[in-house]
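Chemist: Here you go, this is query.cif (mmCIF, C-alpha atoms, pLDDT in the B column; chains and numbers go by the auth columns).
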data_final
loop_
_atom_site.group_PDB
_atom_site.id
_atom_site.type_symbol
_atom_site.label_atom_id
_atom_site.label_comp_id
_atom_site.label_asym_id
_atom_site.label_seq_id
_atom_site.Cartn_x
_atom_site.Cartn_y
_atom_site.Cartn_z
_atom_site.B_iso_or_equiv
_atom_site.auth_seq_id
_atom_site.auth_asym_id
ATOM 1 C CA MET A 1 -8.066 -11.052 8.834 44.00 179 A
ATOM 2 C CA ARG A 2 -5.902 -8.538 10.674 59.00 180 A
ATOM 3 C CA LEU A 3 -5.686 -8.816 14.447 56.00 181 A
ATOM 4 C CA MET A 4 -5.989 -5.309 15.870 71.00 182 A
ATOM 5 C CA ASP A 5 -4.083 -4.371 18.991 84.00 183 A
ATOM 6 C CA ILE A 6 -6.348 -1.951 20.895 93.00 184 A
ATOM 7 C CA ASP A 7 -9.370 0.315 20.479 94.00 185 A
ATOM 8 C CA LEU A 8 -9.159 4.100 20.593 96.00 186 A
ATOM 9 C CA ARG A 9 -10.838 4.443 23.981 94.00 187 A
ATOM 10 C CA LYS A 10 -8.301 2.211 25.741 94.00 188 A
ATOM 11 C CA TYR A 11 -5.411 3.706 23.758 96.00 189 A
ATOM 12 C CA LEU A 12 -6.253 7.238 24.887 95.00 190 A
ATOM 13 C CA GLN A 13 -6.666 6.137 28.501 92.00 191 A
ATOM 14 C CA GLN A 14 -3.183 4.625 28.533 92.00 192 A
ATOM 15 C CA ARG A 15 -1.213 7.385 26.812 89.00 193 A
ATOM 16 C CA ARG A 16 -0.497 11.095 26.907 89.00 194 A
ATOM 17 C CA LEU A 17 -0.051 12.281 23.345 94.00 195 A
ATOM 18 C CA THR A 18 1.419 15.258 21.541 94.00 196 A
ATOM 19 C CA TRP A 19 -0.822 17.190 19.176 95.00 197 A
ATOM 20 C CA LYS A 20 1.147 15.765 16.275 94.00 198 A
ATOM 21 C CA GLU A 21 0.133 12.255 17.389 96.00 199 A
ATOM 22 C CA ARG A 22 -3.467 13.249 18.031 97.00 200 A
ATOM 23 C CA ILE A 23 -3.864 14.818 14.599 97.00 201 A
ATOM 24 C CA LYS A 24 -2.420 11.677 12.983 97.00 202 A
ATOM 25 C CA ILE A 25 -5.113 9.586 14.717 98.00 203 A
ATOM 26 C CA ALA A 26 -7.866 11.947 13.533 98.00 204 A
ATOM 27 C CA TYR A 27 -6.414 11.861 10.013 98.00 205 A
ATOM 28 C CA ASP A 28 -6.474 8.044 9.892 98.00 206 A
ATOM 29 C CA ILE A 29 -10.075 7.870 11.125 98.00 207 A
ATOM 30 C CA ILE A 30 -11.308 10.500 8.674 98.00 208 A
ATOM 31 C CA LEU A 31 -9.471 8.759 5.823 98.00 209 A
ATOM 32 C CA ALA A 32 -11.187 5.479 6.764 97.00 210 A
ATOM 33 C CA LEU A 33 -14.601 7.168 6.773 98.00 211 A
ATOM 34 C CA TYR A 34 -13.788 8.848 3.450 98.00 212 A
ATOM 35 C CA ARG A 35 -13.386 5.381 1.937 97.00 213 A
ATOM 36 C CA ILE A 36 -16.693 4.214 3.442 96.00 214 A
ATOM 37 C CA HIS A 37 -18.598 7.251 2.152 97.00 215 A
ATOM 38 C CA LYS A 38 -16.901 6.979 -1.235 96.00 216 A
ATOM 39 C CA GLY A 39 -18.498 3.531 -1.474 95.00 217 A
ATOM 40 C CA ASN A 40 -21.913 5.189 -0.897 95.00 218 A
ATOM 41 C CA ALA A 41 -22.246 3.649 2.575 94.00 219 A
ATOM 42 C CA ILE A 42 -23.025 5.200 5.955 94.00 220 A
ATOM 43 C CA HIS A 43 -21.450 3.722 9.085 94.00 221 A
ATOM 44 C CA ARG A 44 -24.199 4.842 11.535 92.00 222 A
ATOM 45 C CA ASP A 45 -22.378 3.797 14.730 92.00 223 A
ATOM 46 C CA LEU A 46 -19.016 5.536 15.024 95.00 224 A
ATOM 47 C CA HIS A 47 -17.521 5.737 18.509 95.00 225 A
ATOM 48 C CA SER A 48 -14.123 5.166 20.108 96.00 226 A
ATOM 49 C CA GLY A 49 -14.900 1.540 20.960 93.00 227 A
ATOM 50 C CA ASN A 50 -14.937 0.575 17.287 94.00 228 A
ATOM 51 C CA ILE A 51 -11.895 2.563 16.147 95.00 229 A
ATOM 52 C CA LEU A 52 -9.029 0.059 16.185 95.00 230 A
ATOM 53 C CA TYR A 53 -5.242 0.439 16.100 95.00 231 A
ATOM 54 C CA LEU A 54 -2.815 -1.795 14.229 92.00 232 A
ATOM 55 C CA GLN A 55 0.629 -1.334 15.758 88.00 233 A
ATOM 56 C CA SER A 56 2.511 -3.044 12.927 87.00 234 A
ATOM 57 C CA ASN A 57 1.791 -0.175 10.530 90.00 235 A
ATOM 58 C CA ASN A 58 0.818 2.540 13.047 88.00 236 A
ATOM 59 C CA ASN A 59 -2.599 3.037 11.441 93.00 237 A
ATOM 60 C CA TRP A 60 -6.184 3.316 12.679 96.00 238 A
ATOM 61 C CA TYR A 61 -9.215 1.546 11.208 95.00 239 A
ATOM 62 C CA ILE A 62 -13.003 1.686 11.571 95.00 240 A
ATOM 63 C CA SER A 63 -14.655 -1.584 12.616 91.00 241 A
ATOM 64 C CA ASP A 64 -18.195 -2.806 13.417 80.00 242 A
ATOM 65 C CA LEU A 65 -19.516 -2.348 9.913 78.00 243 A
ATOM 66 C CA GLY A 66 -22.494 -4.633 10.578 67.00 244 A
ATOM 67 C CA PHE A 67 -24.821 -1.652 10.930 68.00 245 A
ATOM 68 C CA CYS A 68 -23.179 0.077 7.998 65.00 246 A
ATOM 69 C CA GLY A 69 -25.360 -0.006 4.902 61.00 247 A
ATOM 70 C CA PRO A 70 -26.096 1.640 1.573 66.00 248 A
ATOM 71 C CA ALA A 71 -26.900 5.325 1.874 69.00 249 A
ATOM 72 C CA ASP A 72 -30.088 4.891 -0.151 67.00 250 A
ATOM 73 C CA LYS A 73 -31.515 2.261 2.232 57.00 251 A
ATOM 74 C CA PRO A 74 -32.063 4.158 5.495 61.00 252 A
ATOM 75 C CA LEU A 75 -32.567 2.289 8.748 59.00 253 A
ATOM 76 C CA LYS A 76 -35.259 3.525 11.119 58.00 254 A
ATOM 77 C CA SER A 77 -33.785 2.296 14.406 57.00 255 A
ATOM 78 C CA ILE A 78 -32.051 4.813 16.673 81.00 256 A
ATOM 79 C CA TYR A 79 -28.962 2.807 17.497 82.00 257 A
ATOM 80 C CA GLY A 80 -25.535 3.778 18.737 87.00 258 A
ATOM 81 C CA ASN A 81 -23.535 5.228 21.592 93.00 259 A
ATOM 82 C CA LEU A 82 -25.665 8.215 22.588 95.00 260 A
ATOM 83 C CA PRO A 83 -23.043 11.006 22.888 97.00 261 A
ATOM 84 C CA TYR A 84 -21.876 10.209 19.342 97.00 262 A
ATOM 85 C CA ILE A 85 -25.348 10.114 17.755 96.00 263 A
ATOM 86 C CA ALA A 86 -26.221 13.194 15.695 98.00 264 A
ATOM 87 C CA PRO A 87 -29.090 15.235 17.198 98.00 265 A
ATOM 88 C CA GLU A 88 -31.269 14.878 14.105 97.00 266 A
ATOM 89 C CA VAL A 89 -31.007 11.090 14.454 95.00 267 A
ATOM 90 C CA ILE A 90 -31.899 11.316 18.156 95.00 268 A
ATOM 91 C CA VAL A 91 -35.170 13.045 17.240 94.00 269 A
ATOM 92 C CA GLY A 92 -36.026 10.314 14.738 91.00 270 A
ATOM 93 C CA LYS A 93 -34.602 11.374 11.391 93.00 271 A
ATOM 94 C CA GLU A 94 -32.679 8.916 9.241 91.00 272 A
ATOM 95 C CA SER A 95 -28.908 8.544 9.441 92.00 273 A
ATOM 96 C CA THR A 96 -27.022 10.298 6.655 95.00 274 A
ATOM 97 C CA PHE A 97 -23.461 11.016 5.614 98.00 275 A
ATOM 98 C CA ALA A 98 -23.758 14.167 7.747 99.00 276 A
ATOM 99 C CA SER A 99 -24.677 12.178 10.868 98.00 277 A
ATOM 100 C CA ASP A 100 -21.424 10.230 10.480 98.00 278 A
ATOM 101 C CA ILE A 101 -19.608 13.581 10.313 99.00 279 A
ATOM 102 C CA TYR A 102 -21.174 14.571 13.646 99.00 280 A
ATOM 103 C CA SER A 103 -19.779 11.378 15.182 98.00 281 A
ATOM 104 C CA ILE A 104 -16.354 12.290 13.795 99.00 282 A
ATOM 105 C CA GLY A 105 -16.580 15.631 15.591 99.00 283 A
ATOM 106 C CA MET A 106 -17.180 13.841 18.891 98.00 284 A
ATOM 107 C CA LEU A 107 -14.273 11.495 18.172 98.00 285 A
ATOM 108 C CA MET A 108 -12.018 14.475 17.447 99.00 286 A
ATOM 109 C CA TRP A 109 -13.012 15.957 20.794 98.00 287 A
ATOM 110 C CA GLU A 110 -12.246 12.655 22.529 98.00 288 A
ATOM 111 C CA ILE A 111 -8.830 12.529 20.860 98.00 289 A
ATOM 112 C CA SER A 112 -8.124 16.060 22.095 97.00 290 A
ATOM 113 C CA SER A 113 -9.214 15.395 25.678 96.00 291 A
ATOM 114 C CA GLY A 114 -8.247 11.771 26.258 95.00 292 A
ATOM 115 C CA LYS A 115 -11.679 10.899 27.627 94.00 293 A
ATOM 116 C CA PRO A 116 -15.049 9.934 26.101 95.00 294 A
ATOM 117 C CA PRO A 117 -17.566 12.763 25.680 96.00 295 A
ATOM 118 C CA PHE A 118 -20.010 13.036 28.578 95.00 296 A
ATOM 119 C CA PHE A 119 -18.775 9.816 30.197 90.00 297 A
ATOM 120 C CA ASN A 120 -20.020 11.032 33.596 88.00 298 A
ATOM 121 C CA TYR A 121 -23.588 11.769 32.505 92.00 299 A
ATOM 122 C CA ARG A 122 -26.673 9.565 32.654 90.00 300 A
ATOM 123 C CA TYR A 123 -27.720 8.658 29.123 91.00 301 A
ATOM 124 C CA ASP A 124 -31.427 9.240 29.601 91.00 302 A
ATOM 125 C CA TYR A 125 -34.236 11.392 28.210 92.00 303 A
ATOM 126 C CA ASP A 126 -32.920 14.544 29.919 94.00 304 A
ATOM 127 C CA PHE A 127 -29.491 13.957 28.399 95.00 305 A
ATOM 128 C CA ALA A 128 -31.044 13.497 24.944 95.00 306 A
ATOM 129 C CA MET A 129 -32.949 16.775 25.427 95.00 307 A
ATOM 130 C CA LYS A 130 -29.709 18.586 26.209 95.00 308 A
ATOM 131 C CA MET A 131 -27.933 17.120 23.178 96.00 309 A
ATOM 132 C CA VAL A 132 -30.813 18.155 20.922 97.00 310 A
ATOM 133 C CA GLY A 133 -30.718 21.576 22.606 96.00 311 A
ATOM 134 C CA GLY A 134 -27.103 22.070 21.590 96.00 312 A
ATOM 135 C CA MET A 135 -25.055 20.806 24.538 96.00 313 A
ATOM 136 C CA ARG A 136 -21.553 19.855 23.390 97.00 314 A
ATOM 137 C CA PRO A 137 -18.360 18.973 25.284 96.00 315 A
ATOM 138 C CA LYS A 138 -16.272 21.993 26.241 94.00 316 A
ATOM 139 C CA ILE A 139 -13.224 22.434 23.999 95.00 317 A
ATOM 140 C CA ILE A 140 -10.038 21.521 25.864 93.00 318 A
ATOM 141 C CA PRO A 141 -7.597 24.408 26.562 94.00 319 A
ATOM 142 C CA GLY A 142 -4.596 24.249 24.231 93.00 320 A
ATOM 143 C CA THR A 143 -6.536 22.796 21.288 96.00 321 A
ATOM 144 C CA PRO A 144 -5.114 24.147 17.982 95.00 322 A
ATOM 145 C CA LEU A 145 -7.415 26.715 16.396 95.00 323 A
ATOM 146 C CA GLU A 146 -7.952 24.828 13.115 96.00 324 A
ATOM 147 C CA TYR A 147 -8.663 21.568 14.955 97.00 325 A
ATOM 148 C CA LYS A 148 -11.119 23.398 17.208 97.00 326 A
ATOM 149 C CA LYS A 149 -12.884 24.854 14.149 97.00 327 A
ATOM 150 C CA LEU A 150 -13.306 21.401 12.630 98.00 328 A
ATOM 151 C CA ILE A 151 -14.828 20.013 15.840 98.00 329 A
ATOM 152 C CA LYS A 152 -17.356 22.844 15.979 98.00 330 A
ATOM 153 C CA GLN A 153 -18.253 22.512 12.295 98.00 331 A
ATOM 154 C CA CYS A 154 -18.712 18.746 12.550 99.00 332 A
ATOM 155 C CA CYS A 155 -20.885 19.068 15.665 98.00 333 A
ATOM 156 C CA ASP A 156 -23.192 21.762 14.299 98.00 334 A
ATOM 157 C CA ALA A 157 -26.851 21.009 15.018 98.00 335 A
ATOM 158 C CA ASN A 158 -27.720 21.662 11.373 98.00 336 A
ATOM 159 C CA PRO A 159 -26.462 18.799 9.166 98.00 337 A
ATOM 160 C CA LEU A 160 -26.208 21.201 6.220 98.00 338 A
ATOM 161 C CA ASN A 161 -23.597 23.247 8.096 98.00 339 A
ATOM 162 C CA ARG A 162 -21.281 20.276 8.600 99.00 340 A
ATOM 163 C CA PRO A 163 -18.462 19.677 6.109 99.00 341 A
ATOM 164 C CA ASP A 164 -18.804 16.724 3.777 98.00 342 A
ATOM 165 C CA ILE A 165 -16.214 13.984 4.115 98.00 343 A
ATOM 166 C CA LYS A 166 -14.125 15.216 1.173 98.00 344 A
ATOM 167 C CA THR A 167 -13.846 18.730 2.602 98.00 345 A
ATOM 168 C CA LEU A 168 -13.135 17.396 6.080 99.00 346 A
ATOM 169 C CA PHE A 169 -10.457 15.051 4.764 98.00 347 A
ATOM 170 C CA HIS A 170 -8.673 17.855 2.900 98.00 348 A
ATOM 171 C CA GLU A 171 -8.724 20.060 6.021 98.00 349 A
ATOM 172 C CA ILE A 172 -7.364 17.389 8.367 98.00 350 A
ATOM 173 C CA GLU A 173 -4.805 16.325 5.748 97.00 351 A
ATOM 174 C CA LYS A 174 -3.485 19.887 5.583 96.00 352 A
ATOM 175 C CA LEU A 175 -3.341 20.097 9.371 96.00 353 A
ATOM 176 C CA TRP A 176 -1.557 16.739 9.584 94.00 354 A
ATOM 177 C CA LYS A 177 0.999 17.686 6.910 92.00 355 A
ATOM 178 C CA ASP A 178 1.691 20.980 8.675 90.00 356 A
ATOM 179 C CA SER A 179 2.342 19.159 11.943 87.00 357 A
ATOM 180 C CA TYR A 180 4.385 16.420 10.243 77.00 358 A
ATOM 181 C CA ASN A 181 6.617 18.807 8.285 76.00 359 A
ATOM 182 C CA ASP A 182 7.189 21.219 11.142 67.00 360 A
ATOM 183 C CA ASP A 183 7.192 20.071 14.762 60.00 361 A
ATOM 184 C CA ASN A 184 6.568 23.660 15.830 59.00 362 A
ATOM 185 C CA ALA A 185 3.639 24.222 13.461 55.00 363 A
ATOM 186 C CA ILE A 186 1.221 22.644 15.937 61.00 364 A
ATOM 187 C CA GLU A 187 2.021 23.457 19.517 52.00 365 A
ATOM 188 C CA SER A 188 1.947 20.363 21.713 44.00 366 A
ATOM 189 C CA SER A 189 -0.177 20.475 24.836 43.00 367 A
ATOM 190 C CA ASN A 190 -1.138 17.932 27.454 43.00 368 A
ATOM 191 C CA THR A 191 -3.349 20.380 29.344 42.00 369 A
ATOM 192 C CA LEU A 192 -6.776 18.937 30.132 41.00 370 A
ATOM 193 C CA GLU A 193 -9.883 20.677 31.391 40.00 371 A
ATOM 194 C CA TYR A 194 -9.599 18.575 34.533 37.00 372 A
ATOM 195 C CA GLU A 195 -7.568 15.617 35.634 41.00 373 A
ATOM 196 C CA TYR A 196 -8.826 12.323 34.210 45.00 374 A
ATOM 197 C CA ASP A 197 -7.917 9.482 36.570 48.00 375 A
ATOM 198 C CA ASN A 198 -7.854 6.294 34.514 49.00 376 A
ATOM 199 C CA ASN A 199 -7.486 4.183 37.661 47.00 377 A
ATOM 200 C CA SER A 200 -10.607 5.487 39.388 51.00 378 A
ATOM 201 C CA PRO A 201 -13.017 2.555 39.970 47.00 379 A
ATOM 202 C CA LYS A 202 -16.006 4.914 39.803 50.00 380 A
ATOM 203 C CA GLN A 203 -14.938 6.320 36.447 53.00 381 A
ATOM 204 C CA ASN A 204 -14.120 2.885 35.065 52.00 382 A
ATOM 205 C CA SER A 205 -17.562 1.657 36.138 50.00 383 A
ATOM 206 C CA LEU A 206 -19.195 4.519 34.251 52.00 384 A
ATOM 207 C CA LEU A 207 -17.098 3.795 31.174 54.00 385 A
ATOM 208 C CA ILE A 208 -18.115 0.134 31.224 51.00 386 A
ATOM 209 C CA ASN A 209 -21.792 0.956 31.693 50.00 387 A
ATOM 210 C CA TYR A 210 -21.940 3.508 28.889 54.00 388 A
ATOM 211 C CA SER A 211 -19.229 2.467 26.437 64.00 389 A
ATOM 212 C CA THR A 212 -21.311 0.287 24.124 75.00 390 A
ATOM 213 C CA SER A 213 -24.004 0.940 21.542 80.00 391 A
ATOM 214 C CA LYS A 214 -27.662 0.194 22.204 83.00 392 A
ATOM 215 C CA LEU A 215 -31.140 0.922 20.878 83.00 393 A
ATOM 216 C CA TYR A 216 -32.817 4.152 21.993 83.00 394 A
ATOM 217 C CA GLN A 217 -36.319 5.522 21.604 82.00 395 A
ATOM 218 C CA PHE A 218 -37.110 9.079 22.620 84.00 396 A
ATOM 219 C CA GLY A 219 -40.468 10.722 22.003 81.00 397 A
ATOM 220 C CA ASN A 220 -41.568 14.354 21.916 86.00 398 A
ATOM 221 C CA LEU A 221 -38.153 15.885 21.343 92.00 399 A
ATOM 222 C CA PRO A 222 -37.847 19.355 19.783 94.00 400 A
ATOM 223 C CA GLU A 223 -35.964 20.111 16.590 95.00 401 A
ATOM 224 C CA PRO A 224 -32.182 20.259 17.137 96.00 402 A
ATOM 225 C CA LYS A 225 -30.556 23.652 17.593 95.00 403 A
ATOM 226 C CA ASN A 226 -27.194 25.144 18.465 96.00 404 A
ATOM 227 C CA ALA A 227 -26.940 26.389 22.050 92.00 405 A
ATOM 228 C CA THR A 228 -25.946 29.913 23.017 89.00 406 A
ATOM 229 C CA GLU A 229 -22.858 30.263 25.222 83.00 407 A
ATOM 230 C CA GLU A 230 -25.086 30.810 28.258 82.00 408 A
ATOM 231 C CA GLU A 231 -27.174 27.724 27.475 81.00 409 A
ATOM 232 C CA GLN A 232 -24.035 25.678 26.918 83.00 410 A
ATOM 233 C CA GLU A 233 -22.544 26.649 30.285 77.00 411 A
ATOM 234 C CA GLY A 234 -25.838 25.902 32.038 75.00 412 A
ATOM 235 C CA ASN A 235 -26.271 22.495 30.418 67.00 413 A
ATOM 236 C CA LEU A 236 -22.761 21.252 31.155 65.00 414 A
ATOM 237 C CA PHE A 237 -23.223 21.307 34.919 54.00 415 A
ATOM 238 C CA LYS A 238 -26.561 19.495 35.073 59.00 416 A
ATOM 239 C CA ASN A 239 -27.396 15.786 34.932 52.00 417 A
ATOM 240 C CA LYS A 240 -23.874 14.661 35.870 52.00 418 A
ATOM 241 C CA TYR A 241 -22.994 11.796 38.136 46.00 419 A
ATOM 242 C CA LYS A 242 -21.387 13.159 41.277 39.00 420 A
ATOM 243 C CA ILE A 243 -18.018 11.427 41.405 35.00 421 A
ATOM 244 C CA ASN A 244 -14.700 12.117 43.048 36.00 422 A
ATOM 245 C CA ILE A 245 -12.183 11.688 40.275 34.00 423 A
ATOM 246 C CA ASN A 246 -9.254 11.333 42.676 37.00 424 A
ATOM 247 C CA ASN A 247 -10.609 8.307 44.582 33.00 425 A
#
As a first step, turn the structure in this file into structure tokens.
Modeler:
Amino acid sequence: MRLMDIDLRKYLQQRRLTWKERIKIAYDIILALYRIHKGNAIHRDLHSGNILYLQSNNNWYISDLGFCGPADKPLKSIYGNLPYIAPEVIVGKESTFASDIYSIGMLMWEISSGKPPFFNYRYDYDFAMKMVGGMRPKIIPGTPLEYKKLIKQCCDANPLNRPDIKTLFHEIEKLWKDSYNDDNAIESSNTLEYEYDNNSPKQNSLLINYSTSKLYQFGNLPEPKNATEEEQEGNLFKNKYKININN
């Protein structure tokens, strides 16, 4: 059994990466999920805590396959790390290949930003309502256009609008090859929406409290939908913990 060096969440907290490096990480993760889906299995619990790095070959792998099962044997439990759970699963529908793709979209956002999605929110009923209502993390300034498009497609509220794993893999492979063959093809950027202080005790406490998967049960939720720009802006500034990120 391979001994992995670090998970994606810790890796991103400790490093500032070029876009070439970020796209390589996304490529590895999508390739790993492609292999899982090709075996007719659904992971059901993708988040940055179970994406692991092996330094010896500079590759990323998906772990925690215990909840992963055959696609034709759906599980009824709502289980996972809430920001990564597809909205249709939050409202009680079964996990599908498309719900894994939603989780990939959230992982791609995390890779672009260096921080977990919605780490400073309370993961409660109100938060679930906002996710079902179309709240998504704001795209980080400097994100390459094609990468941004993939995030938005993967995080669409309608599972039918998300790319399948084969399409997604071909798109990220093209983006990775473009960045690999030409350092100027993908403009590097370390610009973040706001400063993310990895040494802040308050932030670290939030990450510890909300960094693992758990069982959820939410009743009386509406059908998922995509938010308008106005709804998105309104949702993003509600339900947050009030923290000072510089202390």
Chemist: For a quick check of understanding, using only C-alpha atoms, which of A:Leu285, A:Phe347, A:Pro315, A:Glu324 has the smallest distance to Asn298 of chain A?
Modeler: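 Looking only at the distances to Asn298 of chain A, the closest residue turns out to be A:Pro315.
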Chemist: Taking only C-alpha atoms into account, name the residue in A:Val310, A:Ile220, A:Ile229, A:Met286 that is nearest to Ile268 of chain A.
Modeler: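 Result for the nearest residue to Ile268 of chain A: A:Val310.
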Chemist: Applying the PyMOL selection byres ((chain A and resi 303) around 10) to the file I just gave you, which residues come out? Please list them as a list in words.
Modeler: Arg300, Tyr301, Asp302, Asp304, Phe305, Ala306, Met307, Lys308, Met309, Tyr394, Gln395, Phe396, Gly397 and Leu399 of chain A
Chemist: Which distance in Å separates atom CA of Leu232 of chain A and atom CA of Leu323 of chain A, to one decimal?
Modeler: 29.0 Å
Chemist: Within 8 Å of Phe275 of chain A, counting only C-alpha atoms, which residues show up once you throw out same-chain ones fewer than 6 positions away? Write them as a list of chain:residue names, please.
Modeler: A:His215, A:Ile220, A:Ala249, A:Asp342, A:Ile343
Chemist: Atom CA of Leu209 of chain A and atom CA of Tyr189 of chain A are how many Å apart?
Modeler: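 According to the coordinates, atom CA of Leu209 of chain A and atom CA of Tyr189 of chain A are separated by 19.1 Å.
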Chemist: Hey, which of A:Gly227, A:Pro265, A:Gly258, A:Gly320 ends up closest to Lys293 of chain A? Count only C-alpha atoms.
Modeler: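 For Lys293 of chain A, the nearest of the given residues is A:Gly227.
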Chemist: Mind checking which residues fall within 6 Å of Ala264 of chain A, counting all atoms listed in the file, ignoring those fewer than 2 positions away in the same chain, and posting them as number ranges by chain?
Modeler: A: 266-267, 277, 280
Chemist: Please produce a file of the residues just selected, as a PDB file, keeping the file's coordinate frame, where the atoms kept are C-alpha atoms.
Modeler:
ATOM      1  CA  GLU A 266     -31.269  14.878  14.105  1.00 97.00           C
ATOM      2  CA  VAL A 267     -31.007  11.090  14.454  1.00 95.00           C
ATOM      3  CA  SER A 277     -24.677  12.178  10.868  1.00 98.00           C
ATOM      4  CA  TYR A 280     -21.174  14.571  13.646  1.00 99.00           C
TER       5      TYR A 280
END
Chemist: Please indicate the distance in Å from atom CA of Pro402 of chain A to atom CA of Asn336 of chain A, rounded to one decimal place.
Modeler: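 Going from atom CA of Pro402 of chain A over to atom CA of Asn336 of chain A, I get 7.4 Å.
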Chemist: Translate the PyMOL selection byres ((chain A and resi 354) around 8), as applied to the file shown, into an explicit residue set as a PyMOL selection string.
Modeler: chain A and resi 198+201-202+205+350-353+355-358
Chemist: Rebuild segment 312-327 of chain A so that it carries N, CA and C atoms, then output the result as an mmCIF file, in the frame of the given file.
Modeler:
data_model
loop_
_atom_site.group_PDB
_atom_site.id
_atom_site.type_symbol
_atom_site.label_atom_id
_atom_site.label_comp_id
_atom_site.auth_asym_id
_atom_site.auth_seq_id
_atom_site.Cartn_x
_atom_site.Cartn_y
_atom_site.Cartn_z
ATOM 1 N N GLY A 312 -28.383 21.471 21.958
ATOM 2 C CA GLY A 312 -27.103 22.070 21.590
ATOM 3 C C GLY A 312 -25.967 21.855 22.561
ATOM 4 N N MET A 313 -26.159 21.055 23.622
ATOM 5 C CA MET A 313 -25.055 20.806 24.538
ATOM 6 C C MET A 313 -23.951 20.032 23.828
ATOM 7 N N ARG A 314 -22.720 20.515 23.952
ATOM 8 C CA ARG A 314 -21.553 19.855 23.390
ATOM 9 C C ARG A 314 -20.439 19.864 24.432
ATOM 10 N N PRO A 315 -19.474 18.951 24.339
ATOM 11 C CA PRO A 315 -18.360 18.973 25.284
ATOM 12 C C PRO A 315 -17.559 20.264 25.144
ATOM 13 N N LYS A 316 -17.066 20.766 26.251
ATOM 14 C CA LYS A 316 -16.272 21.993 26.241
ATOM 15 C C LYS A 316 -14.910 21.729 25.603
ATOM 16 N N ILE A 317 -14.512 22.597 24.678
ATOM 17 C CA ILE A 317 -13.224 22.434 23.999
ATOM 18 C C ILE A 317 -12.099 22.515 25.021
ATOM 19 N N ILE A 318 -11.142 21.600 24.917
ATOM 20 C CA ILE A 318 -10.038 21.521 25.864
ATOM 21 C C ILE A 318 -9.059 22.670 25.650
ATOM 22 N N PRO A 319 -8.605 23.355 26.717
ATOM 23 C CA PRO A 319 -7.597 24.408 26.562
ATOM 24 C C PRO A 319 -6.345 23.873 25.867
ATOM 25 N N GLY A 320 -5.785 24.659 24.967
ATOM 26 C CA GLY A 320 -4.596 24.249 24.231
ATOM 27 C C GLY A 320 -4.889 23.591 22.901
ATOM 28 N N THR A 321 -6.174 23.404 22.569
ATOM 29 C CA THR A 321 -6.536 22.796 21.288
ATOM 30 C C THR A 321 -6.181 23.745 20.146
ATOM 31 N N PRO A 322 -5.451 23.279 19.120
ATOM 32 C CA PRO A 322 -5.114 24.147 17.982
ATOM 33 C C PRO A 322 -6.368 24.733 17.346
ATOM 34 N N LEU A 323 -6.260 25.987 16.905
ATOM 35 C CA LEU A 323 -7.415 26.715 16.396
ATOM 36 C C LEU A 323 -8.104 25.989 15.248
ATOM 37 N N GLU A 324 -7.346 25.485 14.278
ATOM 38 C CA GLU A 324 -7.952 24.828 13.115
ATOM 39 C C GLU A 324 -8.649 23.530 13.513
ATOM 40 N N TYR A 325 -8.055 22.808 14.454
ATOM 41 C CA TYR A 325 -8.663 21.568 14.955
ATOM 42 C C TYR A 325 -9.972 21.894 15.673
ATOM 43 N N LYS A 326 -9.927 22.944 16.487
ATOM 44 C CA LYS A 326 -11.119 23.398 17.208
ATOM 45 C C LYS A 326 -12.239 23.766 16.235
ATOM 46 N N LYS A 327 -11.892 24.465 15.160
ATOM 47 C CA LYS A 327 -12.884 24.854 14.149
ATOM 48 C C LYS A 327 -13.558 23.634 13.540
#
